[in-house]
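To keep things clear, I will list the structure first and then write my remarks on it.
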Amino acid sequence: MNRPGRKPRLAVWKFASCDGCQLSFLDCEDELLDIAGAVDIAYFPEAMRGPIRGTYDVSLVEGSITTAGDAKRIQRVRQRSRTLVTIGACATAGGIQALRNFADIDAFVNVVYASPEYIATLATSTAIADHVPVDFELRGCPINKVQLVEVISAFLCGRRPVTPAHSVCIECKLRGTVCVMVAHGTPCLGPVTHAGCGALCPGYNRGCYGCYGPKENTNLPALSGQLATLGMTRPERLRFYRSFNAGAAPFQEESQRHES
Amino acid sequence: MSRRTISVNYLARVEGEGALRLTIKDGAVRNAELRIFEPPRFFEALLRGRSYTEAPDITARICGICPVAYQMSAVHAIEAAFGLQLDRPLRDLRRLLYCGEWIESHALHIYLLHAPDFLGYAGAVDMGRDHPALLRRGLALKKAGNTVMAQLGGREVHPINVRVGGFYRAPRRRELAPLAETLKRAREDALDTVRWVAGFDFPECDRGYQFVALRHPDEYPMNEGRIVSNRGLDIAAGDYNHHFVESQVRHSTALHSHLRSQEAYLVGPLARYSLNHDRLAPLAREAAAEAGLGTTCHNPFHSIIVRSVEVLHACDEALRLIANYQEPAAPAQTIEPIAGEGCACTEAPRGLLFHRYRLDDQGIIQDVQIVPPTAQNQPSIEADLKVLANDWLDLPDTALRARCEQTVRNYDPCISCATHFLNLEVRHE
């Protein structure tokens, strides 16, 4: 798929985000030089100076769309990109800043800014896929850097990335971690959360808080019932579903069921 | 009458989205603006109504480069509101985690973001083509910091193990032992780093800064201490708002911080070093002297040396903490929420990070104030450019632009952090 003799050109783009997912790229300390040998890192402003030029074989997009300017900019990024991969919960679900979607944006602006009239922002924070076609979504807040290397390798080989779509529950079983919900009564989103972290939180004796977002085919009402049995109040359950992936449809719907 | 404008439309090698504009008229710099167009994410607003237990996880997401700093300021401010003080092993573990972040964040800045300026490369990958061993050393050093964060915090970005009252899980002594081996090698690399960067060419510069940093009775400051300055300020974190004030400016999206006397001030490695030289580990003090630093450092271009000295200190301190570590009886102390307000400052890699929380008797957050280091340094960054660029006006535009960018990078500005205070003006080219 790539022309011989020319390294594929890679770009990293940032929208509203914390920079943590693109930092995960630089956190691949052992692989970074190999990656730089296999692809031409052609645009990556956090790491290097250089202009936007031509088209890119693969674009990694971090962050969500929160301004009218960024809604236009993502269209131009899409036009320049043969393959567009979104990285992290901001890009795949709107991120923590999507909490504004459930609130009055003017009230939000007023809390932070003394002169709110200077602020131009959209009332919502939305995923990249709500604006342009996306070729692959890599989940997580932040993404797992090992999975990022897999995504780049898969692209270089012209195959789909292998990123298991099962739940964090399965990851717990795979690593042999005792179930924190069954054994300790700790509320956990593991049964409904997309794999990818390696069941990090249960491994540290805490419940999963859903930073990889909902897996496919969740049964959230059943989990809500179990969380209630464990003593979680309605407002607590609402907040549980409404964090870094609050804008992902299943979490959004279940949190709305807990409103009022 | 001649007019010349130097613009950098998208500042590279900084965390976040910013731009720079320098206006030169009749042979003098008339104006320097660090314009920040990073979209605001409204953290202070979205934290209202959340539980105190969520604050360390949510505030971490302000910055992927220094999440531990946000977690540390959050937990200390909330513990101050609840009247809780942590026992030795837990406070030592927090300090160890912070050492990891200092090593990781500083190594990233020294090797990947700042050194290419001094050596004339567009970025670290270019630099690595000519100096592969140097880049490998930088990455190894960065990885050592990340290893500490991953071991203690669960992962490098947005660690999951920090909670109000301590940790979810405290490490066993034997789990920390392999870290010590990594850190011993990192300490050697850090010493070599100090020697390496000390050999760079530095422009002369001393603007007579007002330095502000924490100071602790017997430690180089991270999580605790009073806020002091080189002009006699000496206050507790709870008095921060009596002495500092933020104001919104039109040209950039960050609130600027000033002392109430309207003076600009500087936070970060230069300030920390100059106010706490006597608290550095002996090894770090010796390396600083060998690198030609005095007991204070006023040249912002020397910040790369000071960062390297702080990495060396952090490696040494982390080794000391691991050697003395006693497993705590419980990973966290008991929390009983009470209604009230708490403030804390900790030393993020980029400088003083202030958090204030007002909570109700259920521990639900009513009001939050967060002042990140880059918001505090913004007036100083602009003042540096306005003064220093006057000496560089005979440079051609490209060289002048590069020198201005380098001047901004002296501060390792984290625009993602600063942005929830920013007065937004989007101008994408």
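Each chain in the structure tokens gets a letter, A, B and so on, in the order shown; residues start at 1 in every chain, and ligands are counted from 1 in the order they appear.
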
Please, which residues of chain A lie no more than 6 Å from chain B when the count uses only C-alpha atoms, and can they be set out as JSON, numbers by chain?
{"A": [16, 18, 19, 20, 29, 45, 46, 47, 48, 49, 97, 108, 111, 118, 119, 204]}

Tell me, as a PDB file with all heavy atoms, in the first residue's frame, which residues lie within 10 Å of A:Arg175, counting only C-alpha atoms; anything in the same chain fewer than 2 positions away does not count.
ATOM      1  N   ILE A 170     -12.519  -9.475  31.897  1.00  0.00           N
ATOM      2  CA  ILE A 170     -11.727 -10.559  31.303  1.00  0.00           C
ATOM      3  C   ILE A 170     -10.238 -10.332  31.600  1.00  0.00           C
ATOM      4  O   ILE A 170      -9.501 -11.277  31.894  1.00  0.00           O
ATOM      5  CB  ILE A 170     -11.963 -10.616  29.778  1.00  0.00           C
ATOM      6  CG1 ILE A 170     -13.448 -10.748  29.450  1.00  0.00           C
ATOM      7  CG2 ILE A 170     -11.167 -11.770  29.156  1.00  0.00           C
ATOM      8  CD1 ILE A 170     -14.098 -12.033  29.863  1.00  0.00           C
ATOM      9  N   GLU A 171      -9.822  -9.078  31.557  1.00  0.00           N
ATOM     10  CA  GLU A 171      -8.411  -8.787  31.844  1.00  0.00           C
ATOM     11  C   GLU A 171      -8.058  -9.161  33.279  1.00  0.00           C
ATOM     12  O   GLU A 171      -6.957  -9.648  33.551  1.00  0.00           O
ATOM     13  CB  GLU A 171      -8.109  -7.303  31.587  1.00  0.00           C
ATOM     14  CG  GLU A 171      -8.286  -6.908  30.122  1.00  0.00           C
ATOM     15  CD  GLU A 171      -7.649  -5.568  29.787  1.00  0.00           C
ATOM     16  OE1 GLU A 171      -8.037  -4.573  30.399  1.00  0.00           O
ATOM     17  OE2 GLU A 171      -6.763  -5.536  28.910  1.00  0.00           O
ATOM     18  N   CYS A 172      -8.993  -8.931  34.206  1.00  0.00           N
ATOM     19  CA  CYS A 172      -8.768  -9.339  35.599  1.00  0.00           C
ATOM     20  C   CYS A 172      -8.558 -10.849  35.685  1.00  0.00           C
ATOM     21  O   CYS A 172      -7.661 -11.328  36.375  1.00  0.00           O
ATOM     22  CB  CYS A 172      -9.968  -8.959  36.462  1.00  0.00           C
ATOM     23  SG  CYS A 172      -9.702  -7.514  37.493  1.00  0.00           S
ATOM     24  N   LYS A 173      -9.435 -11.577  34.974  1.00  0.00           N
ATOM     25  CA  LYS A 173      -9.327 -13.039  35.020  1.00  0.00           C
ATOM     26  C   LYS A 173      -7.995 -13.467  34.420  1.00  0.00           C
ATOM     27  O   LYS A 173      -7.331 -14.366  34.924  1.00  0.00           O
ATOM     28  CB  LYS A 173     -10.476 -13.700  34.244  1.00  0.00           C
ATOM     29  CG  LYS A 173     -11.871 -13.255  34.651  1.00  0.00           C
ATOM     30  CD  LYS A 173     -12.189 -13.540  36.102  1.00  0.00           C
ATOM     31  CE  LYS A 173     -13.507 -12.907  36.538  1.00  0.00           C
ATOM     32  NZ  LYS A 173     -13.424 -11.445  36.752  1.00  0.00           N
ATOM     33  N   THR A 177      -6.387 -11.589  38.970  1.00  0.00           N
ATOM     34  CA  THR A 177      -6.710 -10.653  40.044  1.00  0.00           C
ATOM     35  C   THR A 177      -8.059 -11.029  40.652  1.00  0.00           C
ATOM     36  O   THR A 177      -9.023 -11.282  39.934  1.00  0.00           O
ATOM     37  CB  THR A 177      -6.773  -9.214  39.486  1.00  0.00           C
ATOM     38  OG1 THR A 177      -5.501  -8.899  38.942  1.00  0.00           O
ATOM     39  CG2 THR A 177      -7.125  -8.211  40.561  1.00  0.00           C
ATOM     40  N   VAL A 178      -8.105 -11.050  41.974  1.00  0.00           N
ATOM     41  CA  VAL A 178      -9.360 -11.347  42.665  1.00  0.00           C
ATOM     42  C   VAL A 178     -10.367 -10.241  42.364  1.00  0.00           C
ATOM     43  O   VAL A 178     -10.012  -9.065  42.329  1.00  0.00           O
ATOM     44  CB  VAL A 178      -9.101 -11.444  44.183  1.00  0.00           C
ATOM     45  CG1 VAL A 178     -10.420 -11.518  44.956  1.00  0.00           C
ATOM     46  CG2 VAL A 178      -8.234 -12.651  44.490  1.00  0.00           C
ATOM     47  N   GLY A 198      -5.217  -3.475  30.975  1.00  0.00           N
ATOM     48  CA  GLY A 198      -4.662  -4.624  31.691  1.00  0.00           C
ATOM     49  C   GLY A 198      -5.225  -4.736  33.096  1.00  0.00           C
ATOM     50  O   GLY A 198      -4.561  -5.243  33.992  1.00  0.00           O
ATOM     51  N   ALA A 199      -6.435  -4.242  33.307  1.00  0.00           N
ATOM     52  CA  ALA A 199      -7.094  -4.292  34.631  1.00  0.00           C
ATOM     53  C   ALA A 199      -6.230  -3.653  35.707  1.00  0.00           C
ATOM     54  O   ALA A 199      -5.979  -4.216  36.776  1.00  0.00           O
ATOM     55  CB  ALA A 199      -7.462  -5.738  35.010  1.00  0.00           C
ATOM     56  N   GLY A 203      -5.991  -4.303  40.054  1.00  0.00           N
ATOM     57  CA  GLY A 203      -4.658  -4.737  40.486  1.00  0.00           C
ATOM     58  C   GLY A 203      -4.098  -3.885  41.621  1.00  0.00           C
ATOM     59  O   GLY A 203      -3.187  -4.288  42.330  1.00  0.00           O
TER      60      GLY A 203
END

Could you list, as a list in words, every residue within 9 Å of A:Ala165, counting only C-alpha atoms and ignoring same-chain residues fewer than 5 positions away?
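My list of contacting residues is His194, Ala195, Gly196, Lys215 and Glu216 of chain A.
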
Report as JSON, numbers by chain: the residues of stretch 23-191 of chain A with a DSSP assignment of alpha helix (DSSP H), based on the backbone of this structure.
{"A": [23, 24, 25, 26, 32, 33, 34, 35, 36, 37, 38, 68, 69, 70, 71, 72, 73, 74, 75, 76, 77, 78, 79, 80, 89, 90, 91, 92, 93, 105, 106, 107, 108, 109, 110, 111, 112, 145, 146, 147, 148, 149, 150, 151, 152, 153, 154, 155, 156, 157, 168, 169, 170, 171, 172, 173, 174, 175, 180, 181, 182, 183, 184]}

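Between atom CA of A:Asp106 and atom CA of A:Gly63 there is a distance of 21.8 Å.
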
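Proximity to A:Phe44 was assessed for A:Trp13, A:Gly225, A:Pro250, A:Cys179 counting only C-alpha atoms; the smallest distance is recorded for A:Trp13.
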
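With only C-alpha atoms as the atoms that count, the minimum distance from A:Ala129 to the choices A:Asp40, A:Glu62, A:Asp104, A:Glu150 is reached by A:Glu62.
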
Residues of stretch 62-217 of chain A in strand (DSSP E) according to DSSP, as a PyMOL selection string?
chain A and resi 62+81-87+136-138

Rounded to one decimal place, report the atom CA of A:Ala249-atom CA of A:Gly95 distance in Å.
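Atom CA of A:Ala249 sits 12.7 Å away from atom CA of A:Gly95.
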
Could you jot down the atom CA of A:Thr86 to atom CA of A:Arg73 separation for me, Å, one decimal place?
14.7 Å

Select, from B:Ile365, B:Ala375, B:Ala236, B:Ile304, the residue with the minimum atom-to-atom distance to B:Phe118, counting only C-alpha atoms.
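Checking each candidate against B:Phe118, we get B:Ile304 as the closest.
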
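Candidate residues A:Ala89, A:Leu23, A:Ile96, A:Val109 were compared for distance to A:Leu122, and the nearest is A:Val109, using only C-alpha atoms.
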
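Closest approach to A:Arg160 among A:Val85, A:Ala36, A:Ala246, A:Ile105: A:Val85, based on only C-alpha atoms.
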